[in-house]
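run32.cif follows (mmCIF, C-alpha atoms):
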data_final
#
loop_
_atom_site.label_atom_id
_atom_site.label_comp_id
_atom_site.auth_asym_id
_atom_site.auth_seq_id
_atom_site.Cartn_x
_atom_site.Cartn_y
_atom_site.Cartn_z
CA MET A 1 179.49 119.30 136.09
CA ILE A 2 176.51 117.48 137.57
CA GLN A 3 176.64 113.70 137.62
CA SER A 4 175.46 110.82 139.78
CA LYS A 5 176.76 110.96 143.33
CA LEU A 6 180.21 109.72 144.10
CA THR A 7 181.12 107.56 147.07
CA LYS A 8 183.69 108.34 149.74
CA LYS A 9 185.87 105.64 148.22
CA ASP A 10 185.82 107.44 144.86
CA LEU A 11 187.44 110.47 146.47
CA LYS A 12 190.19 108.68 148.36
CA SER A 13 193.58 108.90 146.69
CA ASP A 14 196.20 106.17 146.65
CA GLN A 15 198.39 108.14 149.07
CA GLU A 16 198.91 106.89 152.61
CA VAL A 17 197.30 109.33 155.04
CA ARG A 18 200.02 110.50 157.39
CA TRP A 19 198.93 112.40 160.45
CA CYS A 20 199.67 111.61 164.05
CA PRO A 21 197.45 108.85 165.51
CA GLY A 22 194.37 110.47 167.01
CA CYS A 23 194.74 113.73 165.06
CA GLY A 24 191.48 115.53 164.38
CA ASP A 25 192.50 115.90 160.74
CA TYR A 26 191.41 112.32 160.06
CA ALA A 27 187.85 113.15 161.07
CA ILE A 28 187.86 116.32 158.97
CA LEU A 29 189.08 114.40 155.94
CA ASN A 30 186.34 111.78 156.33
CA ALA A 31 183.69 114.47 156.74
CA ALA A 32 184.98 116.17 153.59
CA TYR A 33 184.88 112.89 151.66
CA ALA A 34 181.25 112.35 152.70
CA ALA A 35 180.14 115.91 151.96
CA LEU A 36 181.87 116.18 148.59
CA ALA A 37 180.54 112.81 147.45
CA GLU A 38 176.99 114.11 147.85
CA LEU A 39 177.42 117.21 145.68
CA GLY A 40 176.98 115.53 142.30
CA ILE A 41 180.24 116.99 140.97
CA LYS A 42 182.79 115.01 138.98
CA LYS A 43 185.87 114.43 141.07
CA GLU A 44 188.10 115.89 138.36
CA ASN A 45 186.22 119.18 138.79
CA PHE A 46 187.32 119.50 142.42
CA VAL A 47 190.51 121.40 143.16
CA TRP A 48 192.05 121.43 146.65
CA VAL A 49 194.57 124.15 147.41
CA SER A 50 196.75 124.37 150.51
CA GLY A 51 199.71 126.23 151.94
CA ILE A 52 202.03 124.81 154.60
CA GLY A 53 201.04 122.88 157.71
CA CYS A 54 199.47 119.61 158.81
CA SER A 55 196.16 120.63 157.21
CA SER A 56 197.97 121.35 153.96
CA ARG A 57 198.40 117.66 153.17
CA PHE A 58 194.76 117.59 152.10
CA PRO A 59 195.42 117.82 148.34
CA TYR A 60 197.40 114.57 148.48
CA TYR A 61 194.56 112.65 150.08
CA VAL A 62 191.70 113.65 147.77
CA ASP A 63 191.62 111.97 144.35
CA SER A 64 191.14 115.19 142.41
CA TYR A 65 193.29 118.06 141.22
CA GLY A 66 195.21 120.00 143.82
CA PHE A 67 197.99 122.46 144.57
CA HIS A 68 200.28 122.29 147.61
CA THR A 69 201.50 125.87 147.49
CA ILE A 70 203.73 128.06 149.67
CA HIS A 71 203.16 129.27 153.19
CA GLY A 72 200.11 131.52 153.50
CA ARG A 73 199.62 132.01 149.75
CA ALA A 74 196.91 129.41 149.11
CA PRO A 75 194.13 132.06 148.88
CA ALA A 76 195.97 133.80 146.02
CA PHE A 77 196.36 130.53 144.11
CA ALA A 78 192.72 129.63 144.76
CA THR A 79 191.57 133.03 143.52
CA GLY A 80 193.50 132.59 140.27
CA ILE A 81 192.22 129.05 139.72
CA ARG A 82 188.59 129.97 140.30
CA THR A 83 188.82 133.13 138.19
CA ALA A 84 190.47 131.29 135.29
CA ASN A 85 187.92 128.46 135.35
CA PRO A 86 184.67 129.21 137.23
CA GLU A 87 183.42 125.70 136.39
CA LEU A 88 185.75 124.22 139.01
CA SER A 89 184.78 123.62 142.65
CA VAL A 90 187.72 125.12 144.51
CA TRP A 91 188.47 124.24 148.14
CA LEU A 92 191.15 125.62 150.42
CA ALA A 93 192.59 123.74 153.41
CA THR A 94 194.57 125.88 155.83
CA GLY A 95 195.46 126.21 159.50
CA ASP A 96 195.41 128.96 162.09
CA GLY A 97 199.10 129.65 161.44
CA ASP A 98 199.09 129.32 157.67
CA GLY A 99 195.83 131.22 157.25
CA LEU A 100 195.97 133.88 159.96
CA SER A 101 199.68 134.59 160.43
CA ILE A 102 201.85 134.58 157.30
CA GLY A 103 198.72 134.23 155.17
CA GLY A 104 196.52 136.70 157.01
CA ASN A 105 196.77 139.34 154.29
CA HIS A 106 195.81 136.89 151.56
CA MET A 107 192.98 135.45 153.65
CA ILE A 108 191.22 138.76 154.22
CA HIS A 109 191.36 139.62 150.51
CA VAL A 110 189.85 136.35 149.27
CA LEU A 111 187.07 136.94 151.81
CA ARG A 112 186.40 140.57 150.96
CA ARG A 113 186.41 139.85 147.22
CA ASN A 114 183.85 137.08 147.73
CA VAL A 115 185.66 134.64 145.47
CA ASP A 116 183.61 131.44 145.16
CA VAL A 117 186.13 129.39 147.14
CA LYS A 118 185.33 127.18 150.13
CA ILE A 119 187.79 127.60 153.01
CA LEU A 120 188.29 125.07 155.81
CA LEU A 121 190.49 126.63 158.49
CA PHE A 122 191.72 124.01 160.97
CA ASN A 123 192.21 125.78 164.29
CA ASN A 124 194.27 123.83 166.82
CA GLU A 125 195.67 126.97 168.51
CA ILE A 126 199.25 125.84 167.88
CA TYR A 127 201.84 125.29 165.14
CA GLY A 128 201.76 121.51 164.83
CA LEU A 129 203.93 120.76 161.80
CA THR A 130 206.86 122.80 163.11
CA LYS A 131 206.60 121.17 166.53
CA GLY A 132 204.61 123.29 168.93
CA GLN A 133 205.19 127.02 168.68
CA TYR A 134 202.34 129.29 169.67
CA SER A 135 200.04 130.52 166.89
CA PRO A 136 197.82 133.57 166.27
CA THR A 137 194.94 131.78 168.02
CA SER A 138 196.83 130.51 171.09
CA PRO A 139 195.27 131.90 174.29
CA ILE A 140 197.02 134.43 176.50
CA GLY A 141 199.31 132.64 178.91
CA HIS A 142 199.79 129.61 176.69
CA ARG A 143 203.18 128.00 177.27
CA SER A 144 204.90 126.65 174.19
CA LYS A 145 208.40 126.17 172.80
CA SER A 146 208.37 129.79 171.62
CA THR A 147 206.55 131.19 174.68
CA PRO A 148 208.08 129.34 177.67
CA PHE A 149 206.76 131.95 180.11
CA GLY A 150 203.33 132.14 178.50
CA SER A 151 202.05 134.04 175.47
CA VAL A 152 201.29 137.72 175.97
CA ASP A 153 199.67 138.08 172.53
CA ARG A 154 195.95 138.70 172.30
CA PRO A 155 194.68 135.89 170.06
CA PHE A 156 192.73 136.23 166.85
CA ASN A 157 189.13 135.07 166.79
CA PRO A 158 188.93 133.46 163.32
CA LEU A 159 185.19 134.07 163.00
CA SER A 160 185.60 137.74 163.87
CA VAL A 161 188.40 138.08 161.33
CA ALA A 162 186.19 136.58 158.62
CA LEU A 163 183.21 138.73 159.57
CA GLY A 164 185.37 141.85 159.67
CA ALA A 165 186.69 141.08 156.20
CA GLY A 166 183.13 140.97 154.88
CA ALA A 167 182.81 137.20 154.43
CA THR A 168 179.39 136.22 153.09
CA PHE A 169 179.38 132.77 154.72
CA VAL A 170 180.85 132.13 158.16
CA ALA A 171 180.47 128.94 160.20
CA ARG A 172 182.21 126.88 162.88
CA THR A 173 182.23 123.15 163.54
CA PRO A 174 184.12 120.78 165.89
CA ASP A 175 186.23 117.90 164.62
CA ASN A 176 184.67 115.40 167.04
CA ASP A 177 181.19 115.72 165.53
CA VAL A 178 181.42 114.25 162.03
CA LYS A 179 177.70 114.70 161.39
CA HIS A 180 177.90 118.41 162.20
CA MET A 181 181.05 118.81 160.08
CA ASN A 182 179.41 117.07 157.14
CA GLN A 183 176.34 119.30 157.37
CA THR A 184 178.47 122.46 157.68
CA ILE A 185 180.69 121.56 154.73
CA ARG A 186 177.63 120.85 152.58
CA GLN A 187 176.16 124.23 153.54
CA ALA A 188 179.44 125.90 152.57
CA ALA A 189 179.46 124.06 149.23
CA ALA A 190 175.95 125.27 148.42
CA HIS A 191 176.81 128.92 149.12
CA LYS A 192 177.39 131.19 146.12
CA GLY A 193 180.50 133.06 147.10
CA CYS A 194 183.35 132.67 149.56
CA ALA A 195 182.55 130.32 152.45
CA PHE A 196 184.69 130.34 155.61
CA VAL A 197 184.46 127.41 158.01
CA GLU A 198 186.52 127.32 161.18
CA VAL A 199 187.05 123.78 162.44
CA TYR A 200 188.03 123.23 166.05
CA GLN A 201 190.79 120.65 165.55
CA ASN A 202 192.57 118.87 168.36
CA CYS A 203 196.36 118.47 168.09
CA VAL A 204 197.00 115.40 170.24
CA ILE A 205 200.77 115.92 170.33
CA PHE A 206 201.38 119.61 170.95
CA ASN A 207 198.07 120.98 172.27
CA ASP A 208 195.95 118.03 173.33
CA GLY A 209 192.64 118.87 174.95
CA ALA A 210 192.62 122.53 173.86
CA PHE A 211 188.84 122.42 173.33
CA ASP A 212 187.80 119.74 175.84
CA GLU A 213 186.06 122.19 178.15
CA ILE A 214 183.93 123.26 175.20
CA TYR A 215 183.29 120.28 172.97
CA ASP A 216 184.00 117.15 174.97
CA LYS A 217 180.90 114.97 174.70
CA LYS A 218 180.34 115.19 178.46
CA VAL A 219 179.97 118.97 178.38
CA ARG A 220 179.22 119.84 174.75
CA LYS A 221 175.49 120.43 175.14
CA GLU A 222 176.09 122.81 178.03
CA ARG A 223 179.12 124.57 176.59
CA THR A 224 178.13 125.03 172.94
CA ILE A 225 175.14 126.45 171.13
CA ASN A 226 174.42 125.24 167.61
CA LEU A 227 173.24 128.19 165.54
CA GLN A 228 170.74 127.22 162.87
CA ALA A 229 168.83 129.53 160.56
CA GLY A 230 165.23 130.04 161.68
CA GLN A 231 165.69 128.09 164.91
CA PRO A 232 165.59 129.37 168.52
CA MET A 233 169.02 129.89 170.09
CA VAL A 234 168.71 127.23 172.76
CA TYR A 235 171.23 124.91 174.38
CA GLY A 236 171.85 122.74 177.42
CA THR A 237 171.50 119.07 178.27
CA GLU A 238 167.73 119.56 178.53
CA MET A 239 167.68 122.32 175.89
CA ASP A 240 166.20 124.57 178.56
CA LYS A 241 168.60 127.51 178.23
CA GLY A 242 168.61 130.20 175.58
CA LEU A 243 170.25 133.38 174.33
CA ARG A 244 168.72 136.74 173.56
CA LEU A 245 170.44 139.62 171.76
CA ARG A 246 169.82 143.04 173.24
CA GLU A 247 171.53 146.08 171.78
CA PHE A 248 175.24 145.33 172.13
CA HIS A 249 175.24 142.35 174.48
CA VAL A 250 173.99 138.79 174.75
CA GLU A 251 171.69 137.70 177.57
CA ARG A 252 171.16 134.22 178.96
CA VAL A 253 167.46 133.49 179.23
CA SER A 254 165.12 130.52 179.42
CA ALA A 255 164.53 128.52 176.26
CA GLU A 256 161.05 130.04 175.97
CA ASP A 257 162.51 133.56 175.74
CA ALA A 258 165.34 132.75 173.32
CA ASP A 259 165.64 134.68 170.08
CA VAL A 260 165.25 132.96 166.74
CA TRP A 261 168.56 133.06 164.88
CA ASP A 262 168.77 134.78 161.50
CA PRO A 263 172.19 134.51 159.80
CA HIS A 264 170.89 136.31 156.70
CA LEU A 265 170.92 139.82 158.20
CA GLU A 266 172.80 142.32 156.07
CA SER A 267 174.68 143.68 159.08
CA PRO A 268 177.16 141.26 160.69
CA ALA A 269 176.79 142.99 164.08
CA LYS A 270 174.79 140.21 165.75
CA ALA A 271 177.06 137.55 164.30
CA PHE A 272 180.04 139.42 165.82
CA LEU A 273 178.45 139.24 169.26
CA LEU A 274 177.92 135.51 168.97
CA ALA A 275 181.38 134.90 167.51
CA GLN A 276 182.92 136.45 170.62
CA LEU A 277 181.03 134.35 173.15
CA ASP A 278 184.18 132.23 173.49
CA GLN A 279 185.68 135.12 175.48
CA ASP A 280 183.09 134.65 178.25
CA PRO A 281 183.53 131.45 180.31
CA ASP A 282 179.93 131.72 181.48
CA MET A 283 178.54 131.62 177.94
CA PRO A 284 178.22 128.73 175.50
CA ASN A 285 180.57 128.68 172.53
CA ALA A 286 178.91 129.35 169.18
CA ILE A 287 179.09 126.66 166.52
CA GLY A 288 177.00 126.29 163.38
CA LEU A 289 176.07 129.01 160.90
CA LEU A 290 176.84 132.59 161.91
CA ARG A 291 176.38 134.39 158.60
CA GLN A 292 175.11 133.73 155.10
CA VAL A 293 174.26 136.61 152.79
CA GLU A 294 174.26 137.22 149.06
CA ALA A 295 176.78 139.51 147.38
CA PRO A 296 178.39 139.86 143.94
CA VAL A 297 180.84 137.05 143.25
CA PHE A 298 184.33 138.22 142.28
CA GLU A 299 185.06 135.96 139.34
CA HIS A 300 181.61 136.49 137.83
CA ASP A 301 182.26 140.23 137.66
CA VAL A 302 185.76 139.67 136.26
CA ARG A 303 184.43 137.38 133.52
CA ARG A 304 181.68 139.88 132.72
CA GLN A 305 184.26 142.62 132.23
CA VAL A 306 186.34 140.38 130.00
CA ASP A 307 183.32 139.40 127.92
CA GLU A 308 182.25 143.03 127.51
CA ALA A 309 185.75 144.12 126.47
CA THR A 310 186.04 141.21 124.05
CA GLU A 311 182.70 142.05 122.47
CA LYS A 312 183.78 145.65 121.89
CA LYS A 313 187.41 145.15 120.86
CA GLY A 314 187.64 141.52 119.77
CA ARG A 315 189.79 138.82 121.31
CA GLY A 316 193.07 140.48 120.42
CA LYS A 317 196.51 138.89 120.29
CA LEU A 318 199.08 138.46 123.02
CA ALA A 319 201.87 139.72 120.75
CA ASP A 320 199.96 142.94 120.14
CA LEU A 321 199.66 143.46 123.89
CA ILE A 322 203.34 142.77 124.52
CA TYR A 323 204.43 145.17 121.81
CA SER A 324 201.90 147.89 122.56
CA SER A 325 202.74 151.53 123.16
CA ASP A 326 204.00 150.95 126.71
CA THR A 327 207.28 149.45 125.44
CA TRP A 328 210.63 150.85 124.39
CA GLU A 329 213.82 149.77 122.73
CA VAL A 330 217.22 149.83 124.40
CA ASP A 331 220.31 150.20 122.19
#

Translate the structure described by the file into structure tokens.
Amino acid sequence: MIQSKLTKKDLKSDQEVRWCPGCGDYAILNAAYAALAELGIKKENFVWVSGIGCSSRFPYYVDSYGFHTIHGRAPAFATGIRTANPELSVWLATGDGDGLSIGGNHMIHVLRRNVDVKILLFNNEIYGLTKGQYSPTSPIGHRSKSTPFGSVDRPFNPLSVALGAGATFVARTPDNDVKHMNQTIRQAAAHKGCAFVEVYQNCVIFNDGAFDEIYDKKVRKERTINLQAGQPMVYGTEMDKGLRLREFHVERVSAEDADVWDPHLESPAKAFLLAQLDQDPDMPNAIGLLRQVEAPVFEHDVRRQVDEATEKKGRGKLADLIYSSDTWEVD
């Protein structure tokens, strides 16, 4: 699979990119082009899988193999593709509706199984393709076409969902920081196992400015903290503020007293605390790497079982399986 590096141009398909002007998806696509080009993988060995939604146009725009599947079922397709051919680099593009609503069941299972699939979940806190209904990540009180008086649903926290499902790699990145996205996508690509990346993605038409108070360039350094393995948890315009984890809460401290972040802890408890900082308006919002641990990879274990059975019983024939003892004749 390894070859000389591609260029971004090598990965661009001949399809016209069609998102609304100003959509954050353009930036995500360009960051993906840049990250994938650096991996040294032949473009025909990439496979992009998607469900339904604005994000799900990704397979058309990458000059590789791809599947535009049905709503919420992309994780099942991606699992089958990766299991059938572990030599492929399988990527999944999904949204907060596609991945956490109709596809929530499939999402948690690809995460818990630790299938070596890389998931980019575009979170714009709205249904964009179907014109502005509220989604599983829309905040309480959000007014939309389907919640004219304000949503009363408690929203999902995508990072907490991934951590709760046992994901071995969990990260978050904003769509207005291409350098950070590129770095995060490359980290996900290097991980052995299922990688889950939430991307804060602005929908300029139906939910414009949803993340401005967090990631607008004027406030980003004060309102976000970039978690990096082995680095102090510091933030702020002057990088003079820090976070310290004590028992079951997070404290704001001076930069000198900040804890060093370790995403490789076996327990996801500390990562959970940081994932939920977005519920506290007085705390910075966590971006960067929240968790990265090693665990058995699903398709490796499946292939091992197949190889062991084949060695003991031989390859067998499909006809013999079809007409085995668990069949009967009907007159």

Problem set entry | Long-range neighbours of segment 11-21 of chain A as a list in words, 7 Å cut-off, only C-alpha atoms, 6 positions minimum in chain |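 Selected residues are Tyr33, Lys43, Tyr60, Tyr61, Val62 and Asp63 of chain A.
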
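Nearest-residue note for Ser267 of chain A: choosing from A:Ala35, A:Met283, A:Cys203, A:Ala167, the minimum distance belongs to A:Ala167, counting all atoms listed in the file.
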
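Selecting by distance to (176.9, 135.9, 152.9) with a limit of 10 Å and using all atoms listed in the file, one obtains Asn114, Leu163, Gly166, Ala167, Thr168, Phe169, Val170, His191, Lys192, Gly193, Cys194, Ala195, Phe196, Pro263, His264, Leu265, Glu266, Pro268, Leu290, Arg291, Gln292, Val293, Glu294, Ala295 and Pro296 of chain A.
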
For this session: Write out as a list of chain:residue names the residues lying within 9 Å of His300 of chain A, counting all atoms listed in the file and excluding same-chain residues fewer than 4 positions away.
Result: A:Thr83, A:Pro86, A:Val115, A:Pro296, A:Arg304, A:Gln305

Exercise. Between atom CA of Ile28 of chain A and atom CA of Arg186 of chain A, what is the spacing in Å?
Worked result: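 According to the coordinates, atom CA of Arg186 of chain A and atom CA of Ile28 of chain A are separated by 12.9 Å.
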
For this session: Expand the PyMOL selection byres ((chain A and resi 84) around 12) into the individual residues it matches in the shown file, reporting them as a PyMOL selection string.
Result: chain A and resi 77-83+85-88+90+115+298-300+302-303+306

Exercise. Care to translate the PyMOL selection byres ((chain A and resi 150) around 12) into actual residues of this file, as a list in words?
Worked result: Gln133, Tyr134, Ser138, Pro139, Ile140, Gly141, His142, Arg143, Ser144, Lys145, Ser146, Thr147, Pro148, Phe149, Ser151, Val152, Asp153 and Arg154 of chain A

Problem set entry | Spatial neighbours of Leu289 of chain A, 12 Å, only C-alpha atoms, chain gap at least 3 places, as a PyMOL selection string | chain A and resi 159+168-173+180-181+183-188+191+195-198+225-231+233+261-264+271+274-275+286+292-293

Exercise. Evaluating the PyMOL selection byres ((chain A and resi 282) around 12) on the displayed file yields which residues, as a ChimeraX atom specification?
Worked result: /A:213-214,222-224,250-252,277-281,283-285

Exercise. In Å, how far is it from atom CA of Ile52 of chain A to atom CA of Lys9 of chain A?
Worked result: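 Computed distance, atom CA of Ile52 of chain A to atom CA of Lys9 of chain A, equals 25.9 Å.
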
Exercise. Of the candidates A:Gly242, A:Gly132, A:Gly51, A:Gly66, which shows the shortest atom-to-atom distance to His106 of chain A, using all atoms listed in the file?
Worked result: A:Gly51

Problem set entry | Atom pair atom CA of Lys42 of chain A / atom CA of Tyr65 of chain A: separation (Å) | 11.2 Å

Problem set entry | 10 Å contact set for Ser89 of chain A, only C-alpha atoms, chain neighbours under 4 positions out, as a ChimeraX atom specification | /A:1,36,41-48,81-82,85,116-118,189

Could those residues be written to a file, using C-alpha atoms, as a PDB file, in the coordinates of the input?
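Saved result, again_4.pdb, follows:
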ATOM      1  CA  MET A   1     179.490 119.300 136.090  1.00  0.00           C
ATOM      2  CA  LEU A  36     181.870 116.180 148.590  1.00  0.00           C
ATOM      3  CA  ILE A  41     180.240 116.990 140.970  1.00  0.00           C
ATOM      4  CA  LYS A  42     182.790 115.010 138.980  1.00  0.00           C
ATOM      5  CA  LYS A  43     185.870 114.430 141.070  1.00  0.00           C
ATOM      6  CA  GLU A  44     188.100 115.890 138.360  1.00  0.00           C
ATOM      7  CA  ASN A  45     186.220 119.180 138.790  1.00  0.00           C
ATOM      8  CA  PHE A  46     187.320 119.500 142.420  1.00  0.00           C
ATOM      9  CA  VAL A  47     190.510 121.400 143.160  1.00  0.00           C
ATOM     10  CA  TRP A  48     192.050 121.430 146.650  1.00  0.00           C
ATOM     11  CA  ILE A  81     192.220 129.050 139.720  1.00  0.00           C
ATOM     12  CA  ARG A  82     188.590 129.970 140.300  1.00  0.00           C
ATOM     13  CA  ASN A  85     187.920 128.460 135.350  1.00  0.00           C
ATOM     14  CA  ASP A 116     183.610 131.440 145.160  1.00  0.00           C
ATOM     15  CA  VAL A 117     186.130 129.390 147.140  1.00  0.00           C
ATOM     16  CA  LYS A 118     185.330 127.180 150.130  1.00  0.00           C
ATOM     17  CA  ALA A 189     179.460 124.060 149.230  1.00  0.00           C
TER      18      ALA A 189
END

Exercise. Which polymer residues have any atom within 7 Å of an atom of Asp259 of chain A, counting all atoms listed in the file, with same-chain residues fewer than 4 positions away left out, as a list in words?
Worked result: Pro232, Met233, Leu243 and Arg244 of chain A

List every residue of segment 122-167 of chain A that has an atom at most 6 Å from any atom of segment 93-99 of chain A, and for each one report the closest atom pair and its distance in Å to one decimal, counting only C-alpha atoms, with rows sorted by chain and then by increasing residue number, as a Markdown table.
| residue | atom | partner | partner_atom | distance |
| --- | --- | --- | --- | --- |
| A:Phe122 | CA | A:Gly95 | CA | 4.6 |
| A:Asn123 | CA | A:Asp96 | CA | 5.0 |
| A:Ser135 | CA | A:Gly97 | CA | 5.6 |

If you keep C-alpha atoms, can you produce a file of those selected residues as a short mmCIF file (atom, residue, chain, number, x, y, z; two decimals), in the frame of the given file?
data_model
loop_
_atom_site.label_atom_id
_atom_site.label_comp_id
_atom_site.auth_asym_id
_atom_site.auth_seq_id
_atom_site.Cartn_x
_atom_site.Cartn_y
_atom_site.Cartn_z
CA PHE A 122 191.72 124.01 160.97
CA ASN A 123 192.21 125.78 164.29
CA SER A 135 200.04 130.52 166.89
#

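Considering the residues A:Leu273, A:Ala162, A:Ala37, A:Ala309 and counting only C-alpha atoms, Asp10 of chain A has its shortest atom-to-atom contact with A:Ala37.
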
Since the input lacks atoms, please generate N, CA and C atoms for segment 222-247 of chain A and provide them as a PDB file, in the frame of the given file.
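Wrote it out as result.pdb, contents follow:
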ATOM      1  N   GLU A 222     176.135 121.673 177.123  1.00  0.00           N
ATOM      2  CA  GLU A 222     176.090 122.810 178.030  1.00  0.00           C
ATOM      3  C   GLU A 222     177.016 123.938 177.594  1.00  0.00           C
ATOM      4  N   ARG A 223     178.084 123.594 176.880  1.00  0.00           N
ATOM      5  CA  ARG A 223     179.120 124.570 176.590  1.00  0.00           C
ATOM      6  C   ARG A 223     179.116 125.068 175.145  1.00  0.00           C
ATOM      7  N   THR A 224     178.236 124.522 174.312  1.00  0.00           N
ATOM      8  CA  THR A 224     178.130 125.030 172.940  1.00  0.00           C
ATOM      9  C   THR A 224     176.671 125.279 172.591  1.00  0.00           C
ATOM     10  N   ILE A 225     176.475 126.196 171.666  1.00  0.00           N
ATOM     11  CA  ILE A 225     175.140 126.450 171.130  1.00  0.00           C
ATOM     12  C   ILE A 225     175.222 126.352 169.612  1.00  0.00           C
ATOM     13  N   ASN A 226     174.399 125.489 169.048  1.00  0.00           N
ATOM     14  CA  ASN A 226     174.420 125.240 167.610  1.00  0.00           C
ATOM     15  C   ASN A 226     173.471 126.204 166.906  1.00  0.00           C
ATOM     16  N   LEU A 227     174.041 127.177 166.212  1.00  0.00           N
ATOM     17  CA  LEU A 227     173.240 128.190 165.540  1.00  0.00           C
ATOM     18  C   LEU A 227     172.703 127.663 164.221  1.00  0.00           C
ATOM     19  N   GLN A 228     171.382 127.694 164.087  1.00  0.00           N
ATOM     20  CA  GLN A 228     170.740 127.220 162.870  1.00  0.00           C
ATOM     21  C   GLN A 228     169.733 128.259 162.397  1.00  0.00           C
ATOM     22  N   ALA A 229     169.721 128.520 161.112  1.00  0.00           N
ATOM     23  CA  ALA A 229     168.830 129.530 160.560  1.00  0.00           C
ATOM     24  C   ALA A 229     167.369 129.208 160.882  1.00  0.00           C
ATOM     25  N   GLY A 230     166.654 130.193 161.409  1.00  0.00           N
ATOM     26  CA  GLY A 230     165.230 130.040 161.680  1.00  0.00           C
ATOM     27  C   GLY A 230     164.902 129.238 162.916  1.00  0.00           C
ATOM     28  N   GLN A 231     165.918 128.881 163.711  1.00  0.00           N
ATOM     29  CA  GLN A 231     165.690 128.090 164.910  1.00  0.00           C
ATOM     30  C   GLN A 231     166.006 128.909 166.166  1.00  0.00           C
ATOM     31  N   PRO A 232     165.289 128.654 167.282  1.00  0.00           N
ATOM     32  CA  PRO A 232     165.590 129.370 168.520  1.00  0.00           C
ATOM     33  C   PRO A 232     167.017 129.084 168.983  1.00  0.00           C
ATOM     34  N   MET A 233     167.652 130.052 169.582  1.00  0.00           N
ATOM     35  CA  MET A 233     169.020 129.890 170.090  1.00  0.00           C
ATOM     36  C   MET A 233     168.959 129.268 171.482  1.00  0.00           C
ATOM     37  N   VAL A 234     168.827 127.958 171.507  1.00  0.00           N
ATOM     38  CA  VAL A 234     168.710 127.230 172.760  1.00  0.00           C
ATOM     39  C   VAL A 234     169.845 126.220 172.886  1.00  0.00           C
ATOM     40  N   TYR A 235     170.141 125.863 174.129  1.00  0.00           N
ATOM     41  CA  TYR A 235     171.230 124.910 174.380  1.00  0.00           C
ATOM     42  C   TYR A 235     171.002 124.270 175.748  1.00  0.00           C
ATOM     43  N   GLY A 236     171.920 123.401 176.131  1.00  0.00           N
ATOM     44  CA  GLY A 236     171.850 122.740 177.420  1.00  0.00           C
ATOM     45  C   GLY A 236     171.471 121.273 177.282  1.00  0.00           C
ATOM     46  N   THR A 237     171.789 120.491 178.289  1.00  0.00           N
ATOM     47  CA  THR A 237     171.500 119.070 178.270  1.00  0.00           C
ATOM     48  C   THR A 237     170.010 118.823 178.067  1.00  0.00           C
ATOM     49  N   GLU A 238     169.184 119.663 178.665  1.00  0.00           N
ATOM     50  CA  GLU A 238     167.730 119.560 178.530  1.00  0.00           C
ATOM     51  C   GLU A 238     167.185 120.582 177.528  1.00  0.00           C
ATOM     52  N   MET A 239     168.068 121.262 176.851  1.00  0.00           N
ATOM     53  CA  MET A 239     167.680 122.320 175.890  1.00  0.00           C
ATOM     54  C   MET A 239     166.731 123.324 176.542  1.00  0.00           C
ATOM     55  N   ASP A 240     167.059 123.676 177.777  1.00  0.00           N
ATOM     56  CA  ASP A 240     166.200 124.570 178.560  1.00  0.00           C
ATOM     57  C   ASP A 240     166.796 125.957 178.728  1.00  0.00           C
ATOM     58  N   LYS A 241     167.949 126.206 178.130  1.00  0.00           N
ATOM     59  CA  LYS A 241     168.600 127.510 178.230  1.00  0.00           C
ATOM     60  C   LYS A 241     168.587 128.171 176.858  1.00  0.00           C
ATOM     61  N   GLY A 242     168.639 129.494 176.854  1.00  0.00           N
ATOM     62  CA  GLY A 242     168.610 130.200 175.580  1.00  0.00           C
ATOM     63  C   GLY A 242     169.405 131.488 175.620  1.00  0.00           C
ATOM     64  N   LEU A 243     169.555 132.107 174.458  1.00  0.00           N
ATOM     65  CA  LEU A 243     170.250 133.380 174.330  1.00  0.00           C
ATOM     66  C   LEU A 243     169.334 134.403 173.686  1.00  0.00           C
ATOM     67  N   ARG A 244     169.496 135.636 174.133  1.00  0.00           N
ATOM     68  CA  ARG A 244     168.720 136.740 173.560  1.00  0.00           C
ATOM     69  C   ARG A 244     169.671 137.890 173.306  1.00  0.00           C
ATOM     70  N   LEU A 245     169.574 138.507 172.139  1.00  0.00           N
ATOM     71  CA  LEU A 245     170.440 139.620 171.760  1.00  0.00           C
ATOM     72  C   LEU A 245     169.733 140.930 172.059  1.00  0.00           C
ATOM     73  N   ARG A 246     170.386 141.744 172.884  1.00  0.00           N
ATOM     74  CA  ARG A 246     169.820 143.040 173.240  1.00  0.00           C
ATOM     75  C   ARG A 246     170.876 144.114 173.057  1.00  0.00           C
ATOM     76  N   GLU A 247     170.603 145.007 172.107  1.00  0.00           N
ATOM     77  CA  GLU A 247     171.530 146.080 171.780  1.00  0.00           C
ATOM     78  C   GLU A 247     172.916 145.500 171.524  1.00  0.00           C
TER      79      GLU A 247
END
